[in-house]
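Here's the structure, in structure tokens; my notes come after.
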Amino acid sequence: MRYVYSAIAAILMSLAVSSSGFSADAKPHRVAIQVNANDPAVMNLALNNATNIMEDYKAKGETVEIQIVTYGPGLNMLRDDTSPVKDRLKQIRDASFPSKIAYAACNNTKQGMEKREGKTITIVPEAELVPSGAVTLIELQEKGWSYLKP
């Protein structure tokens, strides 16, 4: 009798998981968003896109991984001294659960800016440096990530 109850419990748990949208067979949702312009409108559009994507999947009971990759003039989005969206970066990251958002800052661009400006550039604490923003985008797409450029 104990076996029957265990089997019934296992079937019910399986049905509950698959109906919630968090089944083991669900394809992972992952998107890389490129920002390569020093334009607050583009930066805000990228953050709006990320927020809308997370909210849409949350409403479906699903999660998404988002990586906003900045390089060239777009690095200003993640510079501590120039970011016009610094407050939003933290706010969106803090509210992203159960989805995940990451911000990638191109180290090639950072080093070039430091050389031109003659000073050390600090990246916002929410971001991480990657060797190359362009290569990061290529590698994410090769791993099956979707690509979005606002």
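The way I read the labels, and the way they are meant: chains A, B, ... in the order of the structure tokens, residue 1 as the first residue of every chain, and ligand 1 as the first ligand shown, with later ones counted on from there.
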Surrounding residues of segment 118-122 of chain A excluding itself and chain neighbours under 4 positions, 10 Å, only C-alpha atoms, as a list in words: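 Counting only the stated atoms, we get Leu78, Arg79, Asp80, Asp81, Thr82, Lys110, Gln111, Gly112, Met113 and Glu114 of chain A.
For segment 40-118 of chain A, a DSSP pass over the backbone yields strand (DSSP E or B) at Val64, Glu65, Ile66, Gln67, Ile68, Val69, Thr70, Arg79, Lys100, Ile101, Ala102, Tyr103, Ala104, Ala105 and Cys106 of chain A.
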Quick one: residues within 12 Å of Ala105 of chain A, only C-alpha atoms, excluding same-chain residues fewer than 5 positions away - as a count of residues only? 36
Fewer than 3 positions away in the same chain doesn't count, so skip those; otherwise give me all residues within 12 Å of Lys90 of chain A, counting only C-alpha atoms, as a ChimeraX atom specification. /A:47,78,83,85-87,93-96,101-103,124-127
Could those selected residues go to a file with N, CA and C atoms, as an mmCIF file, in the first residue's frame?
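So the final result, stored in again_3.cif, reads:
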data_model
loop_
_atom_site.group_PDB
_atom_site.id
_atom_site.type_symbol
_atom_site.label_atom_id
_atom_site.label_comp_id
_atom_site.auth_asym_id
_atom_site.auth_seq_id
_atom_site.Cartn_x
_atom_site.Cartn_y
_atom_site.Cartn_z
ATOM 1 N N LEU A 47 17.117 48.804 -21.015
ATOM 2 C CA LEU A 47 16.625 48.441 -19.678
ATOM 3 C C LEU A 47 15.119 48.193 -19.694
ATOM 4 N N LEU A 78 27.726 51.823 -18.053
ATOM 5 C CA LEU A 78 28.198 51.110 -16.860
ATOM 6 C C LEU A 78 29.356 51.810 -16.145
ATOM 7 N N SER A 83 27.330 57.171 -16.015
ATOM 8 C CA SER A 83 26.090 56.452 -16.311
ATOM 9 C C SER A 83 24.849 57.286 -16.007
ATOM 10 N N VAL A 85 21.985 56.012 -16.145
ATOM 11 C CA VAL A 85 20.977 55.031 -15.713
ATOM 12 C C VAL A 85 21.462 54.227 -14.496
ATOM 13 N N LYS A 86 22.428 54.761 -13.783
ATOM 14 C CA LYS A 86 23.053 54.043 -12.665
ATOM 15 C C LYS A 86 22.032 53.550 -11.642
ATOM 16 N N ASP A 87 21.088 54.368 -11.272
ATOM 17 C CA ASP A 87 20.082 53.974 -10.280
ATOM 18 C C ASP A 87 19.192 52.846 -10.800
ATOM 19 N N ARG A 93 18.248 45.037 -11.247
ATOM 20 C CA ARG A 93 18.930 43.820 -10.772
ATOM 21 C C ARG A 93 18.293 43.306 -9.481
ATOM 22 N N ASP A 94 17.999 44.204 -8.553
ATOM 23 C CA ASP A 94 17.405 43.804 -7.278
ATOM 24 C C ASP A 94 16.012 43.203 -7.455
ATOM 25 N N ALA A 95 15.285 43.634 -8.497
ATOM 26 C CA ALA A 95 13.910 43.170 -8.718
ATOM 27 C C ALA A 95 13.827 42.008 -9.718
ATOM 28 N N SER A 96 14.952 41.510 -10.196
ATOM 29 C CA SER A 96 14.930 40.538 -11.280
ATOM 30 C C SER A 96 14.531 39.117 -10.878
ATOM 31 N N ILE A 101 19.637 38.958 -14.318
ATOM 32 C CA ILE A 101 20.160 39.963 -15.247
ATOM 33 C C ILE A 101 21.603 40.241 -14.860
ATOM 34 N N ALA A 102 22.444 40.361 -15.867
ATOM 35 C CA ALA A 102 23.850 40.682 -15.656
ATOM 36 C C ALA A 102 24.236 41.800 -16.616
ATOM 37 N N TYR A 103 25.204 42.593 -16.178
ATOM 38 C CA TYR A 103 25.694 43.696 -16.997
ATOM 39 C C TYR A 103 27.176 43.447 -17.284
ATOM 40 N N VAL A 124 30.365 50.467 -12.487
ATOM 41 C CA VAL A 124 29.373 50.341 -11.412
ATOM 42 C C VAL A 124 29.486 48.952 -10.784
ATOM 43 N N PRO A 125 29.180 48.838 -9.485
ATOM 44 C CA PRO A 125 29.351 47.549 -8.797
ATOM 45 C C PRO A 125 28.459 46.428 -9.339
ATOM 46 N N GLU A 126 27.373 46.758 -9.998
ATOM 47 C CA GLU A 126 26.466 45.741 -10.537
ATOM 48 C C GLU A 126 27.033 45.045 -11.780
ATOM 49 N N ALA A 127 28.069 45.641 -12.392
ATOM 50 C CA ALA A 127 28.616 45.123 -13.654
ATOM 51 C C ALA A 127 29.884 44.318 -13.426
#
Please extract the residues of chain A with a backbone DSSP assignment of alpha helix (DSSP H) and present them as a ChimeraX atom specification. /A:2-19,40-59,86-95,107-117,133-142
Please compute the atom CA of Lys115 of chain A-atom CA of Leu45 of chain A distance, one decimal, in Å.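 Atom CA of Leu45 of chain A lies 29.5 Å from atom CA of Lys115 of chain A.
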Let me make sure I understand: among A:Asn108, A:Ser99, A:Pro84, A:Pro28, which one has the smallest atom-to-atom distance to Ala41 of chain A if we use only C-alpha atoms?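 Comparing A:Asn108, A:Ser99, A:Pro84, A:Pro28 against Ala41 of chain A, the winner is A:Pro84.
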Nearest to Asp56 of chain A by atom-to-atom distance, counting only C-alpha atoms, from A:His29, A:Glu139, A:Leu148, A:Asn44: A:His29
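In this structure, atom CA of Thr109 of chain A sits 20.6 Å away from atom CA of Tyr147 of chain A.
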d(atom CA of Asn48 of chain A, atom CA of Gln91 of chain A) in Å: 12.1 Å
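Considering only C-alpha atoms, the residue among A:Gln141, A:Thr63, A:Asn107, A:Asn49 positioned nearest to Ile92 of chain A is A:Asn49.
Nearest to Tyr57 of chain A of all the residues A:Arg30, A:Leu140, A:Glu117, A:Trp145 is A:Arg30, based on only C-alpha atoms.
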